[in-house]
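**Q** Below is the file start-v6.cif, with mmCIF, C-alpha atoms.
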data_start
loop_
_atom_site.label_atom_id
_atom_site.label_comp_id
_atom_site.auth_asym_id
_atom_site.auth_seq_id
_atom_site.Cartn_x
_atom_site.Cartn_y
_atom_site.Cartn_z
CA MET A 1005 -56.08 110.05 -169.26
CA SER A 1006 -52.66 111.45 -169.07
CA SER A 1007 -50.08 110.69 -166.35
CA GLU A 1008 -47.70 113.22 -164.93
CA PHE A 1009 -44.06 112.16 -164.20
CA LYS A 1010 -41.88 114.16 -161.74
CA THR A 1011 -38.11 114.12 -161.95
CA PRO A 1012 -36.43 113.24 -158.49
CA THR A 1013 -34.31 115.91 -156.91
CA PRO A 1014 -30.64 114.90 -156.99
CA THR A 1015 -28.82 114.55 -153.51
CA HIS A 1016 -26.02 116.93 -152.87
CA PRO A 1017 -22.59 115.23 -152.69
CA ARG A 1018 -21.63 117.06 -149.49
CA LYS A 1019 -24.62 115.62 -147.62
CA LEU A 1020 -23.68 112.15 -148.74
CA ARG A 1021 -20.17 112.54 -147.36
CA LEU A 1022 -21.51 113.91 -144.08
CA ALA A 1023 -23.89 110.99 -143.67
CA GLY A 1024 -21.12 108.54 -144.40
CA LEU A 1025 -18.84 110.24 -141.93
CA ILE A 1026 -21.49 110.12 -139.21
CA ALA A 1027 -22.12 106.44 -139.89
CA ALA A 1028 -18.41 105.73 -139.71
CA ILE A 1029 -18.11 107.63 -136.42
CA VAL A 1030 -21.06 105.73 -134.96
CA ALA A 1031 -19.55 102.43 -136.06
CA VAL A 1032 -16.18 103.33 -134.58
CA GLY A 1033 -17.89 104.44 -131.37
CA ILE A 1034 -19.73 101.14 -131.15
CA VAL A 1035 -16.50 99.22 -131.68
CA VAL A 1036 -14.59 101.33 -129.12
CA LEU A 1037 -17.43 100.98 -126.62
CA GLY A 1038 -17.43 97.24 -127.06
CA VAL A 1039 -13.68 96.94 -126.72
CA THR A 1040 -13.66 99.24 -123.68
CA SER A 1041 -16.47 97.30 -122.05
CA ARG A 1042 -14.69 94.00 -122.59
CA ALA A 1043 -11.41 95.44 -121.28
CA THR A 1044 -13.20 96.78 -118.20
CA ASP A 1045 -14.83 93.42 -117.58
CA ALA A 1046 -11.50 91.66 -117.99
CA HIS A 1047 -9.85 94.07 -115.55
CA LYS A 1048 -12.63 93.58 -113.04
CA LEU A 1049 -12.32 89.80 -113.40
CA ARG A 1050 -8.57 89.96 -112.96
CA THR A 1051 -8.95 92.21 -109.92
CA TRP A 1052 -11.56 89.89 -108.41
CA THR A 1053 -9.35 86.89 -109.07
CA ASP A 1054 -6.37 88.60 -107.45
CA GLU A 1055 -8.47 89.54 -104.45
CA GLN A 1056 -9.71 85.99 -104.09
CA ALA A 1057 -6.10 84.77 -104.12
CA ILE A 1058 -5.32 86.90 -101.01
CA PRO A 1059 -6.21 84.81 -97.94
CA SER A 1060 -8.68 86.20 -95.45
CA VAL A 1061 -7.58 85.77 -91.82
CA ALA A 1062 -9.08 86.47 -88.42
CA VAL A 1063 -6.85 88.38 -86.01
CA VAL A 1064 -6.92 88.70 -82.24
CA ASP A 1065 -5.29 91.16 -79.89
CA PRO A 1066 -3.00 89.63 -77.24
CA GLU A 1067 -4.52 89.88 -73.77
CA PRO A 1068 -2.53 90.63 -70.62
CA GLY A 1069 -2.09 87.86 -68.05
CA LYS A 1070 -5.00 87.42 -65.68
CA ALA A 1071 -4.83 87.24 -61.92
CA GLY A 1072 -5.89 84.16 -60.01
CA ASN A 1073 -4.70 81.57 -62.49
CA GLY A 1074 -1.70 80.42 -60.48
CA LEU A 1075 0.67 77.61 -61.34
CA GLU A 1076 -0.79 74.12 -60.93
CA LEU A 1077 1.56 71.15 -60.81
CA PRO A 1078 1.34 67.50 -59.76
CA GLY A 1079 2.95 66.65 -56.44
CA ARG A 1080 3.77 63.60 -54.34
CA LEU A 1081 3.05 63.25 -50.63
CA GLU A 1082 5.59 61.55 -48.40
CA ALA A 1083 5.80 60.96 -44.66
CA TYR A 1084 7.83 63.59 -42.85
CA SER A 1085 9.85 60.78 -41.24
CA ARG A 1086 9.89 57.27 -42.68
CA ALA A 1087 11.98 54.37 -41.36
CA PRO A 1088 12.16 50.99 -43.09
CA ILE A 1089 13.12 48.52 -40.36
CA PHE A 1090 15.49 45.66 -41.19
CA ALA A 1091 16.75 42.78 -39.05
CA ARG A 1092 20.20 43.02 -37.50
CA ILE A 1093 20.39 39.28 -36.74
CA ASN A 1094 19.54 36.02 -38.46
CA GLY A 1095 16.80 33.74 -37.21
CA TYR A 1096 13.08 33.06 -37.48
CA LEU A 1097 10.25 35.43 -36.69
CA LYS A 1098 8.86 34.38 -33.31
CA ASN A 1099 5.86 36.73 -33.29
CA TRP A 1100 4.72 40.19 -34.39
CA LYS A 1101 2.75 42.60 -32.22
CA VAL A 1102 1.47 45.25 -34.67
CA ASP A 1103 -0.05 45.27 -38.12
CA ILE A 1104 -0.37 47.94 -40.81
CA GLY A 1105 -2.24 51.05 -39.75
CA THR A 1106 -1.37 50.60 -36.07
CA PRO A 1107 -0.21 53.73 -34.22
CA VAL A 1108 3.00 53.06 -32.30
CA LYS A 1109 5.14 54.91 -29.77
CA SER A 1110 8.90 55.26 -29.75
CA GLY A 1111 10.44 52.09 -28.28
CA GLN A 1112 7.27 50.02 -28.64
CA LEU A 1113 7.82 46.31 -29.43
CA LEU A 1114 6.91 45.44 -33.02
CA ALA A 1115 8.11 41.83 -33.27
CA GLU A 1116 10.51 39.26 -31.81
CA ILE A 1117 13.04 37.04 -33.60
CA ASP A 1118 14.00 33.58 -32.42
CA THR A 1119 17.81 33.24 -32.65
CA PRO A 1120 18.98 29.69 -31.81
CA ASP A 1121 22.40 30.13 -33.42
CA LEU A 1122 23.06 33.33 -31.56
CA ASP A 1123 21.90 31.80 -28.28
CA GLN A 1124 24.53 29.08 -28.61
CA GLN A 1125 27.18 31.66 -29.40
CA LEU A 1126 26.18 33.51 -26.25
CA LEU A 1127 26.55 30.38 -24.14
CA GLN A 1128 29.99 29.77 -25.59
CA ALA A 1129 30.99 33.39 -25.04
CA LYS A 1130 29.88 33.22 -21.40
CA ALA A 1131 31.92 30.05 -20.89
CA ASP A 1132 34.95 31.60 -22.57
CA TYR A 1133 34.66 34.64 -20.35
CA ALA A 1134 34.32 32.53 -17.22
CA SER A 1135 37.43 30.54 -18.21
CA ALA A 1136 39.37 33.71 -18.92
CA GLN A 1137 38.34 35.14 -15.55
CA ALA A 1138 39.53 32.00 -13.79
CA ASN A 1139 42.87 32.07 -15.58
CA GLN A 1140 43.22 35.76 -14.75
CA ALA A 1141 42.51 35.14 -11.06
CA LEU A 1142 45.03 32.31 -10.89
CA ALA A 1143 47.66 34.41 -12.66
CA ALA A 1144 47.01 37.26 -10.23
CA ILE A 1145 47.49 35.04 -7.17
CA THR A 1146 50.64 33.50 -8.62
CA ALA A 1147 52.14 36.87 -9.50
CA LYS A 1148 51.40 38.19 -6.00
CA ARG A 1149 53.10 35.21 -4.32
CA TRP A 1150 56.20 35.44 -6.50
CA GLN A 1151 56.45 39.16 -5.74
CA ALA A 1152 56.44 38.26 -2.03
CA MET A 1153 59.14 35.63 -2.47
CA LEU A 1154 61.34 38.05 -4.37
CA GLY A 1155 61.93 39.98 -1.12
CA SER A 1156 63.51 36.95 0.52
CA ASP A 1157 65.63 36.13 -2.51
CA SER A 1158 63.81 32.81 -2.86
CA VAL A 1159 63.16 33.42 -6.57
CA SER A 1160 64.91 35.33 -9.28
CA LYS A 1161 63.77 38.63 -10.74
CA GLN A 1162 63.39 36.95 -14.12
CA GLU A 1163 60.89 34.46 -12.76
CA VAL A 1164 58.88 37.21 -11.08
CA ASP A 1165 58.73 39.19 -14.33
CA GLU A 1166 57.46 36.10 -16.16
CA LYS A 1167 54.63 35.61 -13.65
CA THR A 1168 53.72 39.31 -13.86
CA GLY A 1169 53.67 39.17 -17.69
CA ASP A 1170 51.48 36.08 -17.57
CA LEU A 1171 48.99 38.01 -15.41
CA THR A 1172 48.93 40.82 -17.97
CA ALA A 1173 48.28 38.37 -20.81
CA LYS A 1174 45.55 36.56 -18.88
CA SER A 1175 43.90 39.91 -18.07
CA ALA A 1176 43.93 40.86 -21.77
CA LEU A 1177 42.32 37.55 -22.68
CA ALA A 1178 39.64 38.12 -20.05
CA ASN A 1179 38.95 41.59 -21.41
CA ALA A 1180 38.67 40.20 -24.96
CA ALA A 1181 36.26 37.51 -23.79
CA LYS A 1182 34.21 40.15 -21.97
CA ALA A 1183 34.08 42.36 -25.10
CA ASN A 1184 32.95 39.42 -27.23
CA LEU A 1185 30.24 38.58 -24.70
CA ASP A 1186 29.07 42.21 -24.63
CA ARG A 1187 28.95 42.24 -28.44
CA LEU A 1188 26.79 39.13 -28.60
CA GLN A 1189 24.51 40.42 -25.85
CA ALA A 1190 24.08 43.70 -27.75
CA THR A 1191 23.32 41.74 -30.91
CA LYS A 1192 20.79 39.63 -28.99
CA ALA A 1193 18.95 42.85 -28.09
CA PHE A 1194 18.14 43.25 -31.79
CA ALA A 1195 15.93 40.17 -31.50
CA ARG A 1196 13.35 42.68 -30.26
CA ILE A 1197 12.20 44.88 -33.15
CA ILE A 1198 11.10 48.24 -31.76
CA ALA A 1199 9.66 51.44 -33.21
CA PRO A 1200 12.26 54.20 -33.69
CA PHE A 1201 9.77 57.06 -33.19
CA ASP A 1202 6.08 57.82 -32.78
CA GLY A 1203 4.16 57.04 -35.95
CA ILE A 1204 2.07 54.52 -37.84
CA VAL A 1205 3.06 51.13 -39.19
CA THR A 1206 2.63 51.56 -42.95
CA ALA A 1207 4.10 48.21 -44.03
CA ARG A 1208 4.57 44.69 -42.62
CA ASN A 1209 6.50 42.32 -44.86
CA THR A 1210 7.00 39.34 -42.57
CA ASP A 1211 5.06 36.65 -40.71
CA VAL A 1212 5.52 34.12 -37.94
CA GLY A 1213 8.07 31.43 -38.77
CA GLN A 1214 9.61 33.31 -41.69
CA LEU A 1215 13.38 33.03 -42.14
CA ILE A 1216 15.00 36.33 -41.23
CA ASN A 1217 18.27 37.47 -42.79
CA ILE A 1218 20.36 40.41 -41.73
CA GLY A 1219 19.19 43.52 -43.60
CA GLY A 1220 21.29 44.62 -46.55
CA ALA A 1221 21.75 43.29 -50.04
CA THR A 1222 19.67 40.16 -49.38
CA GLY A 1223 17.61 41.15 -46.38
CA GLN A 1224 14.05 42.39 -46.71
CA GLU A 1225 12.56 45.16 -44.62
CA LEU A 1226 10.28 43.76 -41.94
CA PHE A 1227 8.25 46.86 -41.10
CA THR A 1228 7.97 50.47 -42.15
CA VAL A 1229 7.10 53.10 -39.57
CA SER A 1230 6.06 56.54 -40.81
CA ASP A 1231 5.42 59.77 -38.96
CA VAL A 1232 2.34 61.13 -40.75
CA ARG A 1233 1.44 63.94 -38.37
CA LYS A 1234 3.19 66.15 -40.88
CA LEU A 1235 3.82 65.33 -44.53
CA ARG A 1236 6.33 66.44 -47.11
CA VAL A 1237 5.13 67.45 -50.57
CA TYR A 1238 7.54 67.13 -53.49
CA VAL A 1239 6.87 69.10 -56.68
CA GLN A 1240 8.91 69.42 -59.87
CA VAL A 1241 8.76 73.14 -60.74
CA PRO A 1242 9.70 74.33 -64.26
CA GLN A 1243 12.94 76.27 -64.32
CA ASN A 1244 11.46 79.65 -65.28
CA TYR A 1245 9.08 79.64 -62.27
CA VAL A 1246 11.65 78.72 -59.61
CA PRO A 1247 12.68 82.35 -58.83
CA SER A 1248 9.02 83.20 -58.11
CA ILE A 1249 8.61 80.46 -55.49
CA LYS A 1250 10.24 81.68 -52.28
CA GLN A 1251 10.90 79.82 -49.05
CA GLY A 1252 7.94 80.30 -46.71
CA ALA A 1253 5.44 80.86 -49.54
CA VAL A 1254 2.03 79.26 -49.04
CA ALA A 1255 0.53 76.95 -51.66
CA THR A 1256 -2.76 75.06 -51.77
CA LEU A 1257 -3.16 71.40 -52.57
CA THR A 1258 -6.06 69.10 -53.32
CA VAL A 1259 -6.28 65.32 -53.40
CA PRO A 1260 -8.72 63.09 -55.32
CA GLU A 1261 -10.05 61.35 -52.19
CA HIS A 1262 -11.26 64.66 -50.71
CA PRO A 1263 -12.89 66.58 -53.60
CA GLY A 1264 -13.54 70.22 -52.87
CA GLN A 1265 -11.31 70.27 -49.79
CA VAL A 1266 -8.23 72.50 -49.86
CA PHE A 1267 -5.12 72.03 -47.72
CA LYS A 1268 -2.44 74.64 -47.02
CA ALA A 1269 1.21 73.78 -47.59
CA THR A 1270 4.34 75.84 -46.92
CA VAL A 1271 7.46 75.91 -49.09
CA GLU A 1272 10.40 74.67 -47.01
CA SER A 1273 13.27 74.30 -49.47
CA SER A 1274 14.29 73.51 -53.02
CA ALA A 1275 17.04 71.44 -54.58
CA GLN A 1276 18.71 74.59 -55.94
CA ALA A 1277 19.57 72.64 -59.07
CA VAL A 1278 17.86 71.94 -62.39
CA ASN A 1279 17.29 68.39 -63.53
CA ALA A 1280 18.89 68.20 -66.96
CA THR A 1281 16.35 65.62 -68.15
CA SER A 1282 13.12 67.40 -67.17
CA GLY A 1283 14.32 71.02 -66.96
CA SER A 1284 12.70 71.39 -63.55
CA THR A 1285 13.73 71.89 -59.92
CA LEU A 1286 12.54 69.76 -57.01
CA VAL A 1287 10.70 71.88 -54.42
CA GLN A 1288 9.77 70.57 -50.97
CA LEU A 1289 6.71 71.75 -49.04
CA SER A 1290 5.22 70.65 -45.73
CA VAL A 1291 1.57 70.23 -44.79
CA ASP A 1292 0.03 69.53 -41.38
CA ASN A 1293 -1.80 66.21 -41.15
CA ALA A 1294 -2.87 66.01 -37.52
CA ASP A 1295 -6.23 64.51 -38.50
CA SER A 1296 -4.58 61.96 -40.84
CA GLN A 1297 -6.72 62.94 -43.82
CA LEU A 1298 -3.73 62.84 -46.17
CA MET A 1299 -1.82 59.66 -46.95
CA PRO A 1300 1.90 59.32 -47.68
CA GLY A 1301 2.67 58.20 -51.22
CA ALA A 1302 -0.50 59.81 -52.58
CA PHE A 1303 -0.85 62.15 -55.57
CA ALA A 1304 -1.72 65.79 -54.94
CA ASN A 1305 -2.46 68.76 -57.16
CA VAL A 1306 -0.40 71.71 -55.91
CA LYS A 1307 -1.26 75.30 -56.82
CA PHE A 1308 1.14 78.23 -56.38
CA ASP A 1309 -0.16 81.80 -56.49
CA LEU A 1310 2.40 83.64 -58.59
CA PRO A 1311 2.66 87.37 -59.31
CA ILE A 1312 1.38 88.51 -62.71
CA SER A 1313 4.14 89.15 -65.22
CA ALA A 1314 3.96 92.62 -66.74
CA THR A 1315 5.14 91.30 -70.12
CA ALA A 1316 3.04 88.13 -70.25
CA LEU A 1317 0.42 88.06 -73.02
CA ARG A 1318 -2.25 85.43 -73.70
CA VAL A 1319 -3.21 84.25 -77.19
CA PRO A 1320 -5.29 81.31 -78.45
CA ALA A 1321 -3.41 78.04 -78.68
CA SER A 1322 -4.52 77.77 -82.33
CA ALA A 1323 -2.28 80.76 -83.16
CA LEU A 1324 0.90 78.79 -82.46
CA ILE A 1325 2.99 77.47 -85.35
CA PHE A 1326 5.65 74.85 -84.65
CA ASP A 1327 7.91 73.91 -87.55
CA ASN A 1328 11.60 73.55 -88.36
CA GLN A 1329 12.08 77.24 -87.52
CA GLY A 1330 10.82 76.77 -83.96
CA LEU A 1331 7.76 78.04 -82.15
CA ARG A 1332 6.25 81.09 -83.85
CA VAL A 1333 3.09 83.14 -84.26
CA ALA A 1334 1.94 84.96 -87.42
CA THR A 1335 1.09 88.65 -87.05
CA VAL A 1336 -0.34 91.20 -89.46
CA SER A 1337 1.63 94.42 -89.98
CA ALA A 1338 0.18 97.87 -90.52
CA ASP A 1339 0.18 97.37 -94.32
CA ASN A 1340 -1.64 94.01 -93.95
CA LYS A 1341 1.46 91.92 -94.58
CA VAL A 1342 2.32 88.72 -92.71
CA ALA A 1343 5.16 88.95 -90.15
CA PHE A 1344 6.27 85.86 -88.22
CA LYS A 1345 7.60 86.21 -84.66
CA THR A 1346 9.47 83.62 -82.63
CA VAL A 1347 7.96 83.26 -79.16
CA THR A 1348 8.37 81.30 -75.94
CA ILE A 1349 5.52 79.83 -73.89
CA ALA A 1350 5.40 80.79 -70.23
CA ARG A 1351 2.28 78.81 -69.34
CA ASP A 1352 -0.17 76.53 -71.13
CA TYR A 1353 -3.86 76.83 -70.24
CA GLY A 1354 -5.12 74.41 -72.87
CA LYS A 1355 -7.24 76.58 -75.18
CA SER A 1356 -4.93 79.54 -74.65
CA VAL A 1357 -1.24 80.01 -73.86
CA GLU A 1358 0.72 82.68 -72.06
CA ILE A 1359 3.58 84.05 -74.16
CA GLY A 1360 6.67 84.81 -72.13
CA ALA A 1361 8.69 86.62 -74.80
CA GLY A 1362 8.64 87.54 -78.49
CA LEU A 1363 5.25 89.25 -78.72
CA ASP A 1364 4.23 92.89 -78.25
CA LYS A 1365 0.96 94.11 -76.81
CA GLY A 1366 -0.07 95.95 -79.98
CA ASP A 1367 0.54 93.02 -82.36
CA ARG A 1368 -2.36 91.66 -84.40
CA VAL A 1369 -2.06 87.88 -84.14
CA ILE A 1370 -3.59 85.60 -86.76
CA GLU A 1371 -5.90 83.30 -84.81
CA SER A 1372 -5.63 80.22 -87.07
CA PRO A 1373 -2.93 80.84 -89.70
CA PRO A 1374 -3.56 78.91 -92.95
CA ASP A 1375 -0.91 76.67 -94.44
CA GLY A 1376 1.54 78.15 -96.90
CA LEU A 1377 1.84 81.62 -95.35
CA ALA A 1378 5.22 83.28 -95.71
CA ASN A 1379 6.77 86.50 -94.46
CA GLY A 1380 5.50 89.48 -96.46
CA ASP A 1381 2.42 87.75 -97.89
CA PRO A 1382 -0.58 90.11 -98.16
CA VAL A 1383 -3.70 89.13 -96.23
CA LYS A 1384 -7.19 90.45 -95.69
CA ILE A 1385 -8.61 90.99 -92.22
CA ALA A 1386 -11.86 89.08 -91.86
CA ASP A 1387 -14.83 90.98 -90.50
CA LYS A 1388 -15.81 89.17 -87.33
CA THR A 1389 -19.25 90.74 -87.28
CA ALA A 1390 -20.08 89.19 -90.66
CA ASP A 1391 -20.01 85.71 -89.15
CA LYS A 1392 -22.32 86.57 -86.28
CA PRO A 1393 -26.06 85.85 -86.82
CA ASN A 1394 -28.37 88.82 -86.99
CA GLU A 1395 -29.88 89.51 -83.61
CA LYS A 1396 -33.63 89.85 -83.45
CA LYS A 1397 -34.81 93.29 -82.51
CA ALA A 1398 -37.05 93.50 -79.50
#
If you convert what's in this file into structure tokens, what do you get?
**A**
Amino acid sequence: MSSEFKTPTPTHPRKLRLAGLIAAIVAVGIVVLGVTSRATDAHKLRTWTDEQAIPSVAVVDPEPGKAGNGLELPGRLEAYSRAPIFARINGYLKNWKVDIGTPVKSGQLLAEIDTPDLDQQLLQAKADYASAQANQALAAITAKRWQAMLGSDSVSKQEVDEKTGDLTAKSALANAAKANLDRLQATKAFARIIAPFDGIVTARNTDVGQLINIGGATGQELFTVSDVRKLRVYVQVPQNYVPSIKQGAVATLTVPEHPGQVFKATVESSAQAVNATSGSTLVQLSVDNADSQLMPGAFANVKFDLPISATALRVPASALIFDNQGLRVATVSADNKVAFKTVTIARDYGKSVEIGAGLDKGDRVIESPPDGLANGDPVKIADKTADKPNEKKA
């Protein structure tokens, strides 16, 4: 059996070069594709990293001031007229007629003081006056007789002048004794402590038998009488609100002992000066208290209805930044860059504040600025709707 052998057809050199070229191109393409893919991934990673480095912030739009908020300040109630009563003489308290809370009328007896020392001085003054009167009467009779004898040349003119001068001296002594007696009698009248005006006894600091000293550096007030039919209200008003509170303006006040009850008070005057320590001005109001519901010395919450400022804007309190550069807020510019603005607070509402100056209505304010922000830093505006839970469709 014979086998047949075929000779293989030789490959053309040009086809071999073409195949090699194609393989090289494919290999280069694979390498380029790999390098490009890795470069693209690296760029995407770098871009993502850069984006993550830009802080995301929530912004709010400043709101205009709202009506009806008013200015609420603590106040102090005081009696419209208040008289601490001191003793004008020394002695011991004999009795007292009224106690705290007692209504009194002008001139009503409050207490009496026993004055043994003064009584003895009065007796001596009466005796001195009586003696001076007697001496004056004798000098008058003597002077009259000597004047009569002068007409008959029984006595000299010199002697008559001496008797007349003695009468003048005795009359002066009598007048001095009378003045001293009147002074002691007027002082004795102060043994009766009386009310200076209609009111209520709001303090009694004495008791029967107590040693009484003349009021002053060492003396203690015995009683205090207060007219509470009308009360004064004193309020320290911040300097920037003083021009808005006019004389005759009506304010409302509330007190803790009458929750839910509102009283009307009228602005009467102001100190017209700013206290350098507190930066406020003392304003005085008056409130009727005919039914005695309000008490002098009590705390009151006073509310003034002020006009709305056209430039006042409200922002959350969390937007405020206080550092060595002062009070500022961070805003976002049109190109999403941080811009700090120095502001002043007109009113503090707790969760929000009213900005008096430094902020424009169209500013985008960062609600809670993160630490480390600087002017010109880029930021991203957070999407508020992304944080809200999906609402169920009905």
**Q** So that I can see what lies close to stretch 1064-1067 of chain A, please list as a list of chain:residue names the residues with an atom at most 10 Å from it, counting all atoms listed in the file and leaving out residues fewer than 6 positions away in the same chain.
**A**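 Returned residues: A:Ala1316, A:Leu1317, A:Arg1318, A:Val1319, A:Pro1320, A:Ala1323, A:Thr1335, A:Glu1358, A:Ile1359, A:Leu1363, A:Asp1364, A:Lys1365, A:Gly1366, A:Asp1367, A:Arg1368, A:Val1369, A:Ile1370, A:Glu1371, A:Ser1372.
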**Q** Assuming the chain letters and numbering stay as they are in my file, what does the PyMOL selection byres ((chain A and resi 1333) around 6) actually select? List them as a PyMOL selection string.
**A** chain A and resi 1323-1325+1332+1334+1344-1345
**Q** Grab the residues selected above and save them as a PDB file, in the frame of the given file with C-alpha atoms.
**A**
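Below is the file that was written, selection04.pdb:
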ATOM      1  CA  ALA A1323      -2.280  80.760 -83.160  1.00  0.00           C
ATOM      2  CA  LEU A1324       0.900  78.790 -82.460  1.00  0.00           C
ATOM      3  CA  ILE A1325       2.990  77.470 -85.350  1.00  0.00           C
ATOM      4  CA  ARG A1332       6.250  81.090 -83.850  1.00  0.00           C
ATOM      5  CA  ALA A1334       1.940  84.960 -87.420  1.00  0.00           C
ATOM      6  CA  PHE A1344       6.270  85.860 -88.220  1.00  0.00           C
ATOM      7  CA  LYS A1345       7.600  86.210 -84.660  1.00  0.00           C
TER       8      LYS A1345
END
**Q** Can you turn the PyMOL selection byres ((chain A and resi 1246) around 9) into a concrete residue list for this file, as a ChimeraX atom specification?
**A** /A:1241-1245,1247-1250,1274,1276,1284-1285,1287
**Q** Can you write out the residues you just picked, keeping C-alpha atoms, as a PDB file, keeping the file's coordinate frame?
**A**
ATOM      1  CA  VAL A1241       8.760  73.140 -60.740  1.00  0.00           C
ATOM      2  CA  PRO A1242       9.700  74.330 -64.260  1.00  0.00           C
ATOM      3  CA  GLN A1243      12.940  76.270 -64.320  1.00  0.00           C
ATOM      4  CA  ASN A1244      11.460  79.650 -65.280  1.00  0.00           C
ATOM      5  CA  TYR A1245       9.080  79.640 -62.270  1.00  0.00           C
ATOM      6  CA  PRO A1247      12.680  82.350 -58.830  1.00  0.00           C
ATOM      7  CA  SER A1248       9.020  83.200 -58.110  1.00  0.00           C
ATOM      8  CA  ILE A1249       8.610  80.460 -55.490  1.00  0.00           C
ATOM      9  CA  LYS A1250      10.240  81.680 -52.280  1.00  0.00           C
ATOM     10  CA  SER A1274      14.290  73.510 -53.020  1.00  0.00           C
ATOM     11  CA  GLN A1276      18.710  74.590 -55.940  1.00  0.00           C
ATOM     12  CA  SER A1284      12.700  71.390 -63.550  1.00  0.00           C
ATOM     13  CA  THR A1285      13.730  71.890 -59.920  1.00  0.00           C
ATOM     14  CA  VAL A1287      10.700  71.880 -54.420  1.00  0.00           C
TER      15      VAL A1287
END
**Q** On this structure, which residues satisfy the PyMOL selection byres ((chain A and resi 1166-1182) around 7), written as a list in words?
**A** Ala1129, Asp1132, Tyr1133, Ala1136, Gln1137, Asn1139, Gln1140, Ala1143, Ala1144, Thr1146, Ala1147, Gln1162, Glu1163, Val1164, Asp1165, Ala1183, Asn1184, Leu1185 and Asp1186 of chain A
**Q** Name the residues in contact with A:Ile1104 at a cut-off of 8 Å, using only C-alpha atoms, excluding same-chain residues fewer than 4 positions from it; report them as an NGL selection string.
**A** :A and (1204-1208)
